[in-house]
Amino acid sequence: MITLNSLKKYTLSILLAASAFSSGEAAPIVKARLDSSNVMMGTLSKIELTVEQQPGVKGRLPIFQNVAEKGYVGVCGDSVELRAPSSIDTTDAGKNMLIRYEIPVQSFDSGYYRLPAFEYVAGVDTFRSNRLELKVYPFPNVTAETPIADYANVADPENKSIFDTLPDWLVDYWWVILLVISAAVLGWWLWRRYRKEGHILPKKPEPTPYEAALAALRDLKAKKLWENGMEKEYFTDLTDILRTYLYRRFGINAMEMTSRQILAALSSNKETKDKRPMIRQILDMADFVKFAKVRPLPADNVASFENAEKFIEETKPVEKKEEEDATGNPSNDRAAGKKNGNKKGGGK
């Protein structure tokens with residue numbers, strides 16, 4: 001039943017609208033349209049809301065006044081969600097101006113919904129659109145027998161290389177793995193070298209008997225033993241140097257021999273046979289000093305040292321020059337020398 005107060009309100013609204021547009025101004029026309037009235041639960045659809053009005057009139061949609069709080073406006077008991085307009089487009093439509101709103105709509109509850117009319121406020125007047133109907137379908141039931149699609153395989157990259165087939169940790173830390181392998185190989189090689197040779201670092205080459213004897217003579221000379229009255233120590237060191245040289249150079253165990261035995265051993269060696277007088281002088285002088293307590297003259301000391309040095313120099317190993325070629329004939333240089341010698345002899 002329409003009451004008197006309701007009738008007065010409707011009458012007053014009609015009179016105000018008529019007075020506002022009595023000057024010939026047309027009232028705004030608000031229309032709403034759904035892209036699709038049948039949607040699946042959770043999917044988005046769009047509402048196209050158009051407002052046709054006189055140019056210069058400012059209007060607004062009060063329903064989206066507090067949309068920023070939640071990000072959406074709930075209608076139909078919050079079963080349907082209206083998002084803020086995704087786009088607003090204004091175009092000329094003859095004498096009027098056409099404003100087009102695109103409003104996303106979504107629902108997560110299946111059912112049939114009758115959406116409320118959109119209110120458009122222009123000045124002090126409010127205008128309403130037509131109402132829309134939306135039907136939301138639920139997802140089909142999934143049972144144990146319903147096949148479920150698995151995840152799709154990862155697509156192969158373009159320009160695939162061998163590194164794409166390797167694990168990420170191997171690609172990222174290949175240099176660490178290379179260092180570990182290199183260290184392991186180096187450690188294994190050093191261990192094998194130590195087991196085989198008894199040392200890791202290469203040993204310094206030992207001096208030859210000739211080099212060791214000359215170095216010992218230089219050290220003996222630097223001590224200046226006989227100059228300080230230590231003739232016995234001088235000849236002891238000098239003979240020890242010679243005995244060691246004979247053992248290392250010729251294999252003569254001179255450290256365990258007497259002077260006579262040493263001279264006999266030198267006589268049986270063709271390299272030392274003609275150099276016995278030098279060794280005899282040293283050994284005789286050493287025996288006089290050590291056993292007969294004879295104090296030699298400075299010249300005897302110098303002569304003994306020079307004889308030892310001369311003996312070592314004349315018996316040092318010499319590389320043998322090739323005298324003959326592969327056929328057993330004398331080398332070219334020697335043959336040429338013989339030929340020149342014969343010529344000279346013939347000239348005489």
# chains A, B, ... in the order shown; residues from 1 in each chain; ligands from 1
$ select_by_dssp --residues "segment 20-65 of chain A" --states "strand (DSSP E)" --output "list in words"
Ile29, Val30, Lys31, Ala32, Arg33, Leu34, Asn38, Val39, Met40, Leu44, Ser45, Lys46, Ile47, Glu48, Leu49, Thr50, Val51, Glu52, Gln53, Gly59 and Arg60 of chain A
$ closest_atom_pairs --of "segment 36-72 of chain A" --to "segment 113-121 of chain A" --cutoff "6 Å" --atoms "only C-alpha atoms" --output "CSV"
residue,atom,partner,partner_atom,distance
A:Gly59,CA,A:Val121,CA,5.3
A:Arg60,CA,A:Val121,CA,5.4
A:Leu61,CA,A:Tyr120,CA,5.0
$ select_by_dssp --residues "segment 127-321 of chain A" --states "helix (DSSP H, G or I)" --output "VMD selection string"
chain A and resid 162 to 165 168 to 172 174 to 197 209 to 223 226 to 228 231 to 250 254 to 256 259 to 267 273 to 291 298 to 314
$ residues_around --residues "Leu49 of chain A" --least-positions-apart "3" --cutoff "12 Å" --atoms "only C-alpha atoms" --output "VMD selection string"
chain A and resid 29 to 35 46 52 61 85 to 90 98 to 104 117 to 120 128 to 132
$ write_last_selection --atoms "C-alpha atoms" --output "compact mmCIF listing (two decimals), in the first residue's frame"
# COMPACT_ATOMS: atom_id res chain seq x y z
CA ILE A 29 20.62 8.18 -20.04
CA VAL A 30 22.39 5.32 -18.21
CA LYS A 31 22.58 1.86 -19.79
CA ALA A 32 24.35 -1.32 -18.70
CA ARG A 33 25.27 -4.40 -20.77
CA LEU A 34 27.09 -7.65 -19.94
CA ASP A 35 29.63 -9.16 -22.31
CA LYS A 46 32.86 -7.22 -18.25
CA GLU A 52 24.77 9.85 -22.48
CA LEU A 61 29.27 6.56 -9.77
CA PRO A 85 36.40 0.58 -14.00
CA SER A 86 39.35 -0.65 -16.01
CA SER A 87 38.82 2.07 -18.63
CA ILE A 88 36.77 5.22 -19.07
CA ASP A 89 36.25 6.55 -22.60
CA THR A 90 34.54 9.78 -23.55
CA LEU A 98 28.92 9.63 -24.40
CA ILE A 99 30.88 8.22 -21.45
CA ARG A 100 31.73 4.50 -21.59
CA TYR A 101 32.86 2.56 -18.49
CA GLU A 102 34.29 -0.98 -18.60
CA ILE A 103 33.67 -2.68 -15.23
CA PRO A 104 35.16 -6.17 -14.54
CA ALA A 117 20.97 -0.95 -11.10
CA PHE A 118 23.98 1.38 -11.35
CA GLU A 119 23.31 4.85 -9.93
CA TYR A 120 24.79 7.86 -11.69
CA ARG A 128 19.74 4.60 -12.63
CA SER A 129 20.65 2.06 -15.26
CA ASN A 130 18.81 -1.09 -16.19
CA ARG A 131 19.40 -4.21 -14.11
CA LEU A 132 21.48 -7.13 -15.36
$ atom_distance --atom1 "atom CA of Phe64 of chain A" --atom2 "atom CA of Asp92 of chain A"
24.6 Å
$ closest_residue --among "A:Met40, A:Arg192, A:Gln106, A:Glu158" --to "Tyr137 of chain A" --atoms "only C-alpha atoms"
A:Met40
$ residues_around --residues "segment 295-312 of chain A" --least-positions-apart "6" --cutoff "12 Å" --atoms "only C-alpha atoms" --output "JSON, numbers by chain"
{"A": [208, 209, 210, 211, 212, 213, 214, 215, 216, 217, 218, 220, 221, 224, 225, 226, 227, 228, 229, 230, 231, 232, 233, 234, 235, 236, 237, 238, 239, 240, 241, 242, 243, 244, 245, 246, 248, 249, 250, 266, 271, 272, 273, 274, 275, 276, 277, 278, 279, 280, 281, 282, 283, 284, 285, 286, 287, 288, 289]}
$ atom_distance --atom1 "atom CA of Ala254 of chain A" --atom2 "atom CA of Phe291 of chain A"
18.6 Å
$ atom_distance --atom1 "atom CA of Ser110 of chain A" --atom2 "atom CA of Asn141 of chain A"
13.2 Å
$ decode --residues "segment 159-207 of chain A" --atoms "N, CA and C atoms" --output "PDB file, in the first residue's frame"
ATOM      1  N   ASN A 159      68.658 -22.909 -29.623  1.00  0.00           N
ATOM      2  CA  ASN A 159      70.114 -23.048 -29.772  1.00  0.00           C
ATOM      3  C   ASN A 159      70.695 -23.857 -28.604  1.00  0.00           C
ATOM      4  N   LYS A 160      70.115 -25.006 -28.372  1.00  0.00           N
ATOM      5  CA  LYS A 160      70.510 -25.862 -27.262  1.00  0.00           C
ATOM      6  C   LYS A 160      71.956 -26.312 -27.412  1.00  0.00           C
ATOM      7  N   SER A 161      72.701 -26.260 -26.306  1.00  0.00           N
ATOM      8  CA  SER A 161      74.097 -26.697 -26.306  1.00  0.00           C
ATOM      9  C   SER A 161      74.274 -27.791 -25.262  1.00  0.00           C
ATOM     10  N   ILE A 162      75.480 -28.311 -25.174  1.00  0.00           N
ATOM     11  CA  ILE A 162      75.752 -29.392 -24.227  1.00  0.00           C
ATOM     12  C   ILE A 162      75.638 -28.918 -22.780  1.00  0.00           C
ATOM     13  N   PHE A 163      75.838 -27.597 -22.534  1.00  0.00           N
ATOM     14  CA  PHE A 163      75.755 -27.078 -21.179  1.00  0.00           C
ATOM     15  C   PHE A 163      74.322 -27.088 -20.656  1.00  0.00           C
ATOM     16  N   ASP A 164      73.336 -27.099 -21.568  1.00  0.00           N
ATOM     17  CA  ASP A 164      71.943 -27.135 -21.130  1.00  0.00           C
ATOM     18  C   ASP A 164      71.570 -28.488 -20.548  1.00  0.00           C
ATOM     19  N   THR A 165      72.325 -29.523 -20.860  1.00  0.00           N
ATOM     20  CA  THR A 165      72.038 -30.858 -20.335  1.00  0.00           C
ATOM     21  C   THR A 165      72.765 -31.130 -19.026  1.00  0.00           C
ATOM     22  N   LEU A 166      73.682 -30.261 -18.624  1.00  0.00           N
ATOM     23  CA  LEU A 166      74.449 -30.467 -17.395  1.00  0.00           C
ATOM     24  C   LEU A 166      73.688 -29.911 -16.199  1.00  0.00           C
ATOM     25  N   PRO A 167      73.895 -30.469 -15.017  1.00  0.00           N
ATOM     26  CA  PRO A 167      73.267 -29.907 -13.812  1.00  0.00           C
ATOM     27  C   PRO A 167      73.769 -28.491 -13.544  1.00  0.00           C
ATOM     28  N   ASP A 168      72.916 -27.702 -12.868  1.00  0.00           N
ATOM     29  CA  ASP A 168      73.282 -26.312 -12.586  1.00  0.00           C
ATOM     30  C   ASP A 168      74.528 -26.231 -11.716  1.00  0.00           C
ATOM     31  N   TRP A 169      74.651 -27.132 -10.719  1.00  0.00           N
ATOM     32  CA  TRP A 169      75.818 -27.044  -9.832  1.00  0.00           C
ATOM     33  C   TRP A 169      77.107 -27.312 -10.584  1.00  0.00           C
ATOM     34  N   LEU A 170      77.044 -28.153 -11.627  1.00  0.00           N
ATOM     35  CA  LEU A 170      78.246 -28.441 -12.400  1.00  0.00           C
ATOM     36  C   LEU A 170      78.631 -27.254 -13.272  1.00  0.00           C
ATOM     37  N   VAL A 171      77.639 -26.554 -13.819  1.00  0.00           N
ATOM     38  CA  VAL A 171      77.922 -25.375 -14.651  1.00  0.00           C
ATOM     39  C   VAL A 171      78.435 -24.223 -13.804  1.00  0.00           C
ATOM     40  N   ASP A 172      77.893 -24.072 -12.584  1.00  0.00           N
ATOM     41  CA  ASP A 172      78.267 -22.933 -11.736  1.00  0.00           C
ATOM     42  C   ASP A 172      79.623 -23.127 -11.052  1.00  0.00           C
ATOM     43  N   TYR A 173      79.951 -24.382 -10.699  1.00  0.00           N
ATOM     44  CA  TYR A 173      81.158 -24.612  -9.906  1.00  0.00           C
ATOM     45  C   TYR A 173      82.151 -25.527 -10.610  1.00  0.00           C
ATOM     46  N   TRP A 174      82.193 -25.444 -11.962  1.00  0.00           N
ATOM     47  CA  TRP A 174      83.118 -26.302 -12.708  1.00  0.00           C
ATOM     48  C   TRP A 174      84.560 -26.005 -12.345  1.00  0.00           C
ATOM     49  N   TRP A 175      84.870 -24.727 -12.051  1.00  0.00           N
ATOM     50  CA  TRP A 175      86.258 -24.371 -11.765  1.00  0.00           C
ATOM     51  C   TRP A 175      86.700 -24.962 -10.418  1.00  0.00           C
ATOM     52  N   VAL A 176      85.760 -25.058  -9.451  1.00  0.00           N
ATOM     53  CA  VAL A 176      86.105 -25.682  -8.171  1.00  0.00           C
ATOM     54  C   VAL A 176      86.395 -27.163  -8.373  1.00  0.00           C
ATOM     55  N   ILE A 177      85.559 -27.818  -9.169  1.00  0.00           N
ATOM     56  CA  ILE A 177      85.758 -29.245  -9.440  1.00  0.00           C
ATOM     57  C   ILE A 177      87.088 -29.464 -10.159  1.00  0.00           C
ATOM     58  N   LEU A 178      87.423 -28.576 -11.111  1.00  0.00           N
ATOM     59  CA  LEU A 178      88.691 -28.701 -11.832  1.00  0.00           C
ATOM     60  C   LEU A 178      89.882 -28.545 -10.895  1.00  0.00           C
ATOM     61  N   LEU A 179      89.787 -27.607  -9.950  1.00  0.00           N
ATOM     62  CA  LEU A 179      90.880 -27.420  -8.989  1.00  0.00           C
ATOM     63  C   LEU A 179      91.045 -28.651  -8.102  1.00  0.00           C
ATOM     64  N   VAL A 180      89.932 -29.223  -7.659  1.00  0.00           N
ATOM     65  CA  VAL A 180      90.008 -30.402  -6.796  1.00  0.00           C
ATOM     66  C   VAL A 180      90.642 -31.577  -7.545  1.00  0.00           C
ATOM     67  N   ILE A 181      90.216 -31.772  -8.806  1.00  0.00           N
ATOM     68  CA  ILE A 181      90.783 -32.872  -9.594  1.00  0.00           C
ATOM     69  C   ILE A 181      92.276 -32.648  -9.838  1.00  0.00           C
ATOM     70  N   SER A 182      92.652 -31.407 -10.156  1.00  0.00           N
ATOM     71  CA  SER A 182      94.065 -31.094 -10.397  1.00  0.00           C
ATOM     72  C   SER A 182      94.896 -31.334  -9.139  1.00  0.00           C
ATOM     73  N   ALA A 183      94.357 -30.912  -7.983  1.00  0.00           N
ATOM     74  CA  ALA A 183      95.082 -31.121  -6.726  1.00  0.00           C
ATOM     75  C   ALA A 183      95.230 -32.611  -6.426  1.00  0.00           C
ATOM     76  N   ALA A 184      94.176 -33.392  -6.718  1.00  0.00           N
ATOM     77  CA  ALA A 184      94.250 -34.835  -6.477  1.00  0.00           C
ATOM     78  C   ALA A 184      95.292 -35.496  -7.376  1.00  0.00           C
ATOM     79  N   VAL A 185      95.318 -35.102  -8.664  1.00  0.00           N
ATOM     80  CA  VAL A 185      96.299 -35.680  -9.588  1.00  0.00           C
ATOM     81  C   VAL A 185      97.713 -35.291  -9.176  1.00  0.00           C
ATOM     82  N   LEU A 186      97.909 -34.021  -8.792  1.00  0.00           N
ATOM     83  CA  LEU A 186      99.235 -33.583  -8.359  1.00  0.00           C
ATOM     84  C   LEU A 186      99.678 -34.319  -7.098  1.00  0.00           C
ATOM     85  N   GLY A 187      98.754 -34.493  -6.131  1.00  0.00           N
ATOM     86  CA  GLY A 187      99.101 -35.226  -4.914  1.00  0.00           C
ATOM     87  C   GLY A 187      99.467 -36.670  -5.199  1.00  0.00           C
ATOM     88  N   TRP A 188      98.718 -37.307  -6.122  1.00  0.00           N
ATOM     89  CA  TRP A 188      99.035 -38.707  -6.475  1.00  0.00           C
ATOM     90  C   TRP A 188     100.401 -38.809  -7.134  1.00  0.00           C
ATOM     91  N   TRP A 189     100.717 -37.851  -8.027  1.00  0.00           N
ATOM     92  CA  TRP A 189     102.016 -37.873  -8.707  1.00  0.00           C
ATOM     93  C   TRP A 189     103.157 -37.643  -7.722  1.00  0.00           C
ATOM     94  N   LEU A 190     103.001 -36.722  -6.764  1.00  0.00           N
ATOM     95  CA  LEU A 190     104.046 -36.473  -5.775  1.00  0.00           C
ATOM     96  C   LEU A 190     104.246 -37.683  -4.865  1.00  0.00           C
ATOM     97  N   TRP A 191     103.142 -38.358  -4.520  1.00  0.00           N
ATOM     98  CA  TRP A 191     103.257 -39.542  -3.679  1.00  0.00           C
ATOM     99  C   TRP A 191     104.009 -40.652  -4.403  1.00  0.00           C
ATOM    100  N   ARG A 192     103.684 -40.847  -5.694  1.00  0.00           N
ATOM    101  CA  ARG A 192     104.407 -41.853  -6.470  1.00  0.00           C
ATOM    102  C   ARG A 192     105.888 -41.512  -6.587  1.00  0.00           C
ATOM    103  N   ARG A 193     106.217 -40.241  -6.779  1.00  0.00           N
ATOM    104  CA  ARG A 193     107.619 -39.822  -6.879  1.00  0.00           C
ATOM    105  C   ARG A 193     108.352 -40.047  -5.565  1.00  0.00           C
ATOM    106  N   TYR A 194     107.657 -39.763  -4.448  1.00  0.00           N
ATOM    107  CA  TYR A 194     108.299 -39.955  -3.149  1.00  0.00           C
ATOM    108  C   TYR A 194     108.536 -41.434  -2.879  1.00  0.00           C
ATOM    109  N   ARG A 195     107.543 -42.276  -3.232  1.00  0.00           N
ATOM    110  CA  ARG A 195     107.714 -43.715  -3.017  1.00  0.00           C
ATOM    111  C   ARG A 195     108.837 -44.284  -3.876  1.00  0.00           C
ATOM    112  N   LYS A 196     109.004 -43.748  -5.068  1.00  0.00           N
ATOM    113  CA  LYS A 196     109.989 -44.287  -5.998  1.00  0.00           C
ATOM    114  C   LYS A 196     111.390 -43.748  -5.740  1.00  0.00           C
ATOM    115  N   GLU A 197     111.515 -42.433  -5.488  1.00  0.00           N
ATOM    116  CA  GLU A 197     112.832 -41.805  -5.397  1.00  0.00           C
ATOM    117  C   GLU A 197     113.190 -41.368  -3.987  1.00  0.00           C
ATOM    118  N   GLY A 198     112.238 -41.412  -3.053  1.00  0.00           N
ATOM    119  CA  GLY A 198     112.532 -41.040  -1.681  1.00  0.00           C
ATOM    120  C   GLY A 198     112.519 -39.545  -1.434  1.00  0.00           C
ATOM    121  N   HIS A 199     112.173 -38.767  -2.404  1.00  0.00           N
ATOM    122  CA  HIS A 199     112.098 -37.308  -2.242  1.00  0.00           C
ATOM    123  C   HIS A 199     111.086 -36.772  -3.250  1.00  0.00           C
ATOM    124  N   ILE A 200     110.600 -35.553  -2.978  1.00  0.00           N
ATOM    125  CA  ILE A 200     109.623 -34.916  -3.870  1.00  0.00           C
ATOM    126  C   ILE A 200     110.311 -33.928  -4.798  1.00  0.00           C
ATOM    127  N   LEU A 201     111.051 -33.011  -4.207  1.00  0.00           N
ATOM    128  CA  LEU A 201     111.768 -32.037  -5.026  1.00  0.00           C
ATOM    129  C   LEU A 201     113.027 -32.674  -5.594  1.00  0.00           C
ATOM    130  N   PRO A 202     113.398 -32.295  -6.808  1.00  0.00           N
ATOM    131  CA  PRO A 202     114.603 -32.882  -7.402  1.00  0.00           C
ATOM    132  C   PRO A 202     115.855 -32.464  -6.621  1.00  0.00           C
ATOM    133  N   LYS A 203     116.741 -33.428  -6.412  1.00  0.00           N
ATOM    134  CA  LYS A 203     117.979 -33.140  -5.686  1.00  0.00           C
ATOM    135  C   LYS A 203     118.934 -32.337  -6.558  1.00  0.00           C
ATOM    136  N   LYS A 204     119.720 -31.518  -5.871  1.00  0.00           N
ATOM    137  CA  LYS A 204     120.744 -30.786  -6.599  1.00  0.00           C
ATOM    138  C   LYS A 204     121.805 -31.765  -7.087  1.00  0.00           C
ATOM    139  N   PRO A 205     122.262 -31.590  -8.301  1.00  0.00           N
ATOM    140  CA  PRO A 205     123.287 -32.525  -8.809  1.00  0.00           C
ATOM    141  C   PRO A 205     124.564 -32.427  -7.976  1.00  0.00           C
ATOM    142  N   GLU A 206     125.081 -33.588  -7.615  1.00  0.00           N
ATOM    143  CA  GLU A 206     126.313 -33.615  -6.820  1.00  0.00           C
ATOM    144  C   GLU A 206     127.497 -33.161  -7.674  1.00  0.00           C
ATOM    145  N   PRO A 207     128.427 -32.441  -7.089  1.00  0.00           N
ATOM    146  CA  PRO A 207     129.607 -32.016  -7.856  1.00  0.00           C
ATOM    147  C   PRO A 207     130.442 -33.210  -8.285  1.00  0.00           C
TER     148      PRO A 207
END
